[in-house]
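To start, the structure itself, in structure tokens.
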Amino acid sequence: MLFYRVALILILSVQFLTSFCSQASNQPSEKHPEQRIQDYEKLVKRYRYYKPDSATFFAKKGMALALARKDSTGLARMLNQLGMIDDNFGKFIESRQKYLRAASIYREIGDKKGEAAETIRLGVVELRKGNYDKAIGYFLDALKLSESINDKAGIMEANVTLGEGYMGQKQYDKALVYLKKAEQLDKKLPFSGLSLNICNNFGIVYREKKEFGNAIFYIKKGINQSSKPEFWGLNITLINNLASVYAKAGNKDKSIELLESALKRSREIQNYIRELQTLTALADVYGKDNAQKSLGYLHDGLKLVREKGAYRQEIDILQRLGDLHKYLKNYKEALSLKERSNALADSFFYQDMAQQISNLQAEYELSKSQARVKELKYENARQSLERKIILGITACVLIVLLIVGYFYLKTKKLNALLNKANASLKESNTVKDKFFSILAHDLRLPITSVINLLFIIDDDDITPDEKHEIVGKLIVNCNASLDTLNQLLKWGEMQIKGIRLKPQNFNPAAIVDRNVQLLSATAENKLIKIENFVQPDIELYSDPDHFDFVVRNMLSNAIKFTTRGGKVSILAETKGAETQFTIKDTGVGIENERLDSIFQITNVSTTGTNNEKGTSLGLIMCKDFIEANKGSISVKSEKGVGSDFIFTLPSSSS
């Protein structure tokens with residue numbers, strides 16, 4: 001390890017002297033406009049992992065230089081580096097904006113290679129957020145761009161990232177198809193960091209398939225190829241994954257030995273990302289069997305992320321610490337850690353939500369403006385037709401009659417289009433009104449309640465028991481607001497982008513059972529019995545995520561509106577080419593005058609039997625999802641007796 005430390009010091013010293021001399025000399029001649037941009041890029045890459053503030057400083061200097069020289073390529077490269085710095089800290093909205101801007105620049109100058117690289121970075125952002133479908137979409141677009149210019153390195157990188165996208169979905173056989181394509185291309189290209197990523201990804205896939213021999217072969221191959229200083233970060237990642245293979249194979253001692261060596265090296269090269277990765281891996285290996293050891297490594301990780309200001313990673317570590325303290329029955333400390341985690345998460349969540357709401361509002365205004373432009377075009381077209389009619393009258397009566405008849409039909413069609421456009425605008429206004437009504441009432445009131453409770457907590461006269469009760473209410477209010485925001489944003493996205501459908505054959509029984517288990521605690525609190533009569537031999541052909549949402553929402557509603565000691569039943573019956581599901585409750589029922597509008601945007605939400613809050617968006621989204629999957633939904637209800645929500649979906653054809 002002494003060799004690595006000496007080598008690192010020598011490399012940094014040479015780079016520092018080179019940079020210093022470069023900065024002290026005159027500006028480079030116009031014959032080499034890229035030279036200084038390359039220097040800044042090297043400095044950003046050097047400092048990105050252990051001195052991100054310095055990396056940001058040099059990236060912004062590089063941007064200023066690129067703007068001064070009107071160097072579009074240099075500007076895009078600096079935006080890419082700033083995006084990667086944001087990536088390391090989990091700032092996904094900021095990084096995505098920078099990648100989009102860089103991709104737009106490359107598109108404008110016709111640089112498909114650069115555009116493909118930025119498209120991959122956009123996919124990586126979605127990959128880290130867990131949006132695997134979106135990530136795969138970006139990676140396929142990048143593959144298409146690289147293939148259009150026959151860029152072998154770009155094609156290889158796109159195949160590597162496609163493998164990672166399917167790994168995220170746990171489709172390991174499909175991931176192997178893309179990784180093997182990348183492996184074949186790698187044999188024809190010079191060695192690079194992507195070569196190590198291929199080895200690492202093969203190791204992860206074979207580890208998850210429990211083919212430990214293949215996993216160890218590929219990861220050791222990558223470790224042996226990553227001895228150069230520029231690959232030390234990937235070397236640590238490979239060692240960590242080798243440790244995870246041994247841990248999964250049952251060799252815990254070997255796993256810990258590898259992780260401790262990786263921790264030592266990550267600290268020597270001051271790579272905080274890999275150090276944090278290794279600390280959490282050590283905590284996972286020791287686990288609950290040696291909880292004190294796990295706590296020690298997690299506290300080291302917590303100190304590290306706080307030094308770097310990595311708030312998303314801090315949230316994750318606080319949650320892990322809370323779970324361990326709960327296991328150790330240190331409930332007070334566990335509660336304190338969970339509250340700190342939730343407070344930090346809320347801080348970031350509301351920032352993200354504000355940004356997303358702003359984006360939705362902008363998209364809504366754009367849609368409204370486009371509709372207005374279309375309306376004006378229709379009006380201009382009609383005026384143009386009227387002028388032509390007037391000119392035709394001067395020619396002859398016969399021609400006038402023919403033209404009048406012709407344009408009468410045209411005008412009638414245009415009026416129909418205008419009526420349709422007006423109806424669309426009216427619906428958009430209804431959507432907007434509902435959107436802001438929920439913001440004003442269903443979100444403003446809980447937040448106001450939270451603020452009032454905070455003022456009460458600040459009062460020195462209240463007792464600890466009263467404080468504990470108020471904190472409980474705060475948690476309930478915050479969770480309710482969070483759930484409302486999630487539904488609101490998903491609904492808003494559906495209104496603007498439409499419903500994305502991914503139908504497939506699946507067994508609904510497992511999904512129903514999972515949701516029954518998920519909501520069992522809520523039901524038990526009200527002494528409500530849930531009966532699940534869905535048989536395991538039923539198969540559907542539709543989008544399983546949509547089915548999951550519908551079942552969870554309707555079960556939640558049934559519990560919400562069922563009185564204490566009641567019963568909720570889930571039934572399913574296959575009838576020919578479709579399967580009918582019924583979610584039946586013994587709740588308060590629905591008034592006859594509300595039944596016709598229960599699935600419409602005009603429906604007004606009511607409180608549950610235990611004063612539970614809602615937005616009425618859930619049933620609207622259920623109807624949209626079911627109809628998108630070629631099904632139908634209806635409701636039967638009697639006031640004071642209960643309700644039956646009935647929906648159908650296509651049965652599996654196989």
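Going through the structure tokens in order, the chains are called A, B, and so on, while each chain numbers its residues from 1 and the ligands are numbered from 1 in the order shown.
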
Run DSSP on the backbone and grab whatever in stretch 529-635 of chain A lands in strand (DSSP E); send it over as a ChimeraX atom specification.
/A:529-532,540-542,567-575,578-585,632-635

A:Lys467 surroundings by only C-alpha atoms, 9 Å radius, close-in-sequence under 5 positions cut, as an mmCIF file with N, CA and C atoms, in the first residue's frame:
```cif
data_model
loop_
_atom_site.group_PDB
_atom_site.id
_atom_site.type_symbol
_atom_site.label_atom_id
_atom_site.label_comp_id
_atom_site.auth_asym_id
_atom_site.auth_seq_id
_atom_site.Cartn_x
_atom_site.Cartn_y
_atom_site.Cartn_z
ATOM 1 N N ILE A 456 -46.714 24.779 19.101
ATOM 2 C CA ILE A 456 -47.094 24.206 20.407
ATOM 3 C C ILE A 456 -45.901 23.499 21.038
ATOM 4 N N ILE A 457 -45.158 22.736 20.227
ATOM 5 C CA ILE A 457 -43.979 22.014 20.737
ATOM 6 C C ILE A 457 -42.959 22.980 21.318
ATOM 7 N N ILE A 462 -45.384 22.589 27.998
ATOM 8 C CA ILE A 462 -46.030 21.300 27.742
ATOM 9 C C ILE A 462 -45.157 20.172 28.248
ATOM 10 N N GLY A 472 -46.308 12.521 17.213
ATOM 11 C CA GLY A 472 -47.055 11.483 16.492
ATOM 12 C C GLY A 472 -48.009 12.088 15.475
#
```

Which of these residues is nearest to A:Phe92, using only C-alpha atoms: A:Leu519, A:Leu555, A:Ala381, A:Val125?
A:Val125

Excluding same-chain residues fewer than 2 positions from stretch 39-55 of chain A, what lies within 8 Å of it counting only C-alpha atoms, as a PDB file with N, CA and C atoms, in the first residue's frame?
```
ATOM      1  N   SER A  19      -0.333  22.145 -14.057  1.00  0.00           N
ATOM      2  CA  SER A  19      -1.438  23.105 -14.007  1.00  0.00           C
ATOM      3  C   SER A  19      -0.945  24.496 -13.631  1.00  0.00           C
ATOM      4  N   GLN A  35      -7.102  23.443 -25.959  1.00  0.00           N
ATOM      5  CA  GLN A  35      -6.086  23.061 -24.990  1.00  0.00           C
ATOM      6  C   GLN A  35      -6.482  23.375 -23.550  1.00  0.00           C
ATOM      7  N   ARG A  36      -6.901  24.604 -23.259  1.00  0.00           N
ATOM      8  CA  ARG A  36      -7.238  24.970 -21.886  1.00  0.00           C
ATOM      9  C   ARG A  36      -8.490  24.252 -21.394  1.00  0.00           C
ATOM     10  N   ILE A  37      -9.451  24.002 -22.280  1.00  0.00           N
ATOM     11  CA  ILE A  37     -10.640  23.242 -21.897  1.00  0.00           C
ATOM     12  C   ILE A  37     -10.237  21.852 -21.438  1.00  0.00           C
ATOM     13  N   PHE A  57     -15.292  24.439  -9.025  1.00  0.00           N
ATOM     14  CA  PHE A  57     -14.607  25.699  -9.330  1.00  0.00           C
ATOM     15  C   PHE A  57     -13.950  25.637 -10.712  1.00  0.00           C
ATOM     16  N   PHE A  58     -13.198  24.547 -10.975  1.00  0.00           N
ATOM     17  CA  PHE A  58     -12.499  24.436 -12.251  1.00  0.00           C
ATOM     18  C   PHE A  58     -13.476  24.235 -13.410  1.00  0.00           C
ATOM     19  N   ALA A  59     -14.572  23.524 -13.167  1.00  0.00           N
ATOM     20  CA  ALA A  59     -15.572  23.327 -14.227  1.00  0.00           C
ATOM     21  C   ALA A  59     -16.202  24.659 -14.629  1.00  0.00           C
ATOM     22  N   LYS A  61     -14.810  27.608 -14.274  1.00  0.00           N
ATOM     23  CA  LYS A  61     -13.773  28.363 -14.991  1.00  0.00           C
ATOM     24  C   LYS A  61     -13.718  27.920 -16.452  1.00  0.00           C
ATOM     25  N   GLY A  62     -13.788  26.611 -16.656  1.00  0.00           N
ATOM     26  CA  GLY A  62     -13.796  26.079 -18.014  1.00  0.00           C
ATOM     27  C   GLY A  62     -15.000  26.549 -18.804  1.00  0.00           C
ATOM     28  N   ARG A  77     -18.843  19.967 -22.710  1.00  0.00           N
ATOM     29  CA  ARG A  77     -17.987  19.094 -21.894  1.00  0.00           C
ATOM     30  C   ARG A  77     -17.963  19.545 -20.438  1.00  0.00           C
ATOM     31  N   MET A  78     -17.934  20.841 -20.213  1.00  0.00           N
ATOM     32  CA  MET A  78     -17.949  21.336 -18.832  1.00  0.00           C
ATOM     33  C   MET A  78     -19.308  21.091 -18.165  1.00  0.00           C
ATOM     34  N   GLN A  81     -19.321  17.571 -16.970  1.00  0.00           N
ATOM     35  CA  GLN A  81     -18.552  17.376 -15.739  1.00  0.00           C
ATOM     36  C   GLN A  81     -19.329  17.886 -14.519  1.00  0.00           C
ATOM     37  N   ILE A  85     -20.668  15.765 -11.149  1.00  0.00           N
ATOM     38  CA  ILE A  85     -20.449  16.184  -9.746  1.00  0.00           C
ATOM     39  C   ILE A  85     -21.779  16.156  -8.991  1.00  0.00           C
ATOM     40  N   ASN A  88     -22.857  12.581  -8.108  1.00  0.00           N
ATOM     41  CA  ASN A  88     -22.194  11.975  -6.955  1.00  0.00           C
ATOM     42  C   ASN A  88     -22.868  12.342  -5.640  1.00  0.00           C
ATOM     43  N   GLN A 270      -8.169   8.891  -1.073  1.00  0.00           N
ATOM     44  CA  GLN A 270      -9.127   9.942  -0.725  1.00  0.00           C
ATOM     45  C   GLN A 270     -10.346   9.949  -1.665  1.00  0.00           C
ATOM     46  N   ASN A 271     -10.847   8.747  -1.962  1.00  0.00           N
ATOM     47  CA  ASN A 271     -12.032   8.615  -2.813  1.00  0.00           C
ATOM     48  C   ASN A 271     -13.234   8.381  -1.911  1.00  0.00           C
ATOM     49  N   TYR A 272     -13.945   9.442  -1.583  1.00  0.00           N
ATOM     50  CA  TYR A 272     -15.003   9.335  -0.569  1.00  0.00           C
ATOM     51  C   TYR A 272     -16.177   8.483  -1.041  1.00  0.00           C
ATOM     52  N   ILE A 273     -16.454   8.482  -2.356  1.00  0.00           N
ATOM     53  CA  ILE A 273     -17.552   7.667  -2.867  1.00  0.00           C
ATOM     54  C   ILE A 273     -17.289   6.190  -2.596  1.00  0.00           C
TER      55      ILE A 273
END
```

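The spacing separating atom CA of A:Ile559 from atom CA of A:Lys526 amounts to 8.3 Å.
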
By how many Å are atom CA of A:Asn330 and atom CA of A:Ala281 apart?
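Going from atom CA of A:Asn330 over to atom CA of A:Ala281, I get 22.8 Å.
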
I'd like the contact shell of stretch 174-191 of chain A - 10 Å cut-off, only C-alpha atoms, skipping same-chain residues fewer than 5 positions apart - returned as a PyMOL selection string.
chain A and resi 152-153+155-169+196-199+201-202+205-206+225

With a cut-off of 9 Å, could you pull out the residues of stretch 105-211 of chain A touching stretch 241-260 of chain A and give me the nearest pair of atoms for each, distance in Å to one decimal, using only C-alpha atoms, ordered by chain and ascending number, as a tab-separated table?
```
residue	atom	partner	partner_atom	distance
A:Asn200	CA	A:Asn241	CA	7.5
A:Gly203	CA	A:Asn241	CA	7.5
A:Ile204	CA	A:Asn241	CA	7.1
A:Arg207	CA	A:Val245	CA	5.8
A:Glu208	CA	A:Val245	CA	8.8
A:Lys210	CA	A:Ala249	CA	8.0
```

Separation of atom CA of A:Leu82 from atom CA of A:Gln97 in Å
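It comes out at 10.3 Å.
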
A:Ile105 environment, 7 Å, only C-alpha atoms, sequence neighbours closer than 4 positions dropped, as a short mmCIF file (atom, residue, chain, number, x, y, z; two decimals) with N, CA and C atoms, in the first residue's frame:
```
data_model
loop_
_atom_site.label_atom_id
_atom_site.label_comp_id
_atom_site.auth_asym_id
_atom_site.auth_seq_id
_atom_site.Cartn_x
_atom_site.Cartn_y
_atom_site.Cartn_z
N SER A 72 -18.70 25.79 -28.39
CA SER A 72 -19.86 24.99 -28.01
C SER A 72 -19.46 23.63 -27.44
N ALA A 76 -20.26 22.19 -23.65
CA ALA A 76 -20.97 20.93 -23.40
C ALA A 76 -20.16 20.00 -22.51
N ARG A 101 -28.94 20.08 -21.29
CA ARG A 101 -28.38 21.26 -21.96
C ARG A 101 -27.19 20.86 -22.83
N ILE A 109 -24.93 21.30 -33.00
CA ILE A 109 -23.70 21.33 -33.81
C ILE A 109 -23.51 20.04 -34.60
#
```

Would you kindly return, as a list of chain:residue names, each protein, DNA or RNA residue with an atom no farther than 7 Å from any atom of A:Ala142, considering only C-alpha atoms and excluding same-chain residues fewer than 2 positions away?
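Those residues are A:Ala116, A:Thr119, A:Ile120, A:Tyr138, A:Phe139, A:Leu140, A:Lys144, A:Leu145, A:Ser146, A:Ala158.
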
Restricting it to C-alpha atoms, dump the selection as a tab-separated table (two decimals), in the first residue's frame.
```tsv
chain	number	residue	atom	x	y	z
A	116	ALA	CA	-25.03	9.79	-27.50
A	119	THR	CA	-28.06	10.50	-23.59
A	120	ILE	CA	-26.32	7.72	-21.67
A	138	TYR	CA	-32.36	6.54	-23.02
A	139	PHE	CA	-29.78	3.75	-23.48
A	140	LEU	CA	-31.61	2.46	-26.60
A	144	LYS	CA	-29.21	4.09	-32.14
A	145	LEU	CA	-27.15	7.30	-32.32
A	146	SER	CA	-23.83	5.43	-32.01
A	158	ALA	CA	-24.69	1.62	-24.74
```

Enumerate, as a VMD selection string, the complete set of residues in stretch 132-340 of chain A that a backbone-based DSSP assignment places in alpha helix (DSSP H).
chain A and resid 132 to 148 152 to 168 172 to 186 193 to 208 212 to 224 232 to 249 252 to 268 272 to 286 291 to 308 311 to 327 331 to 340
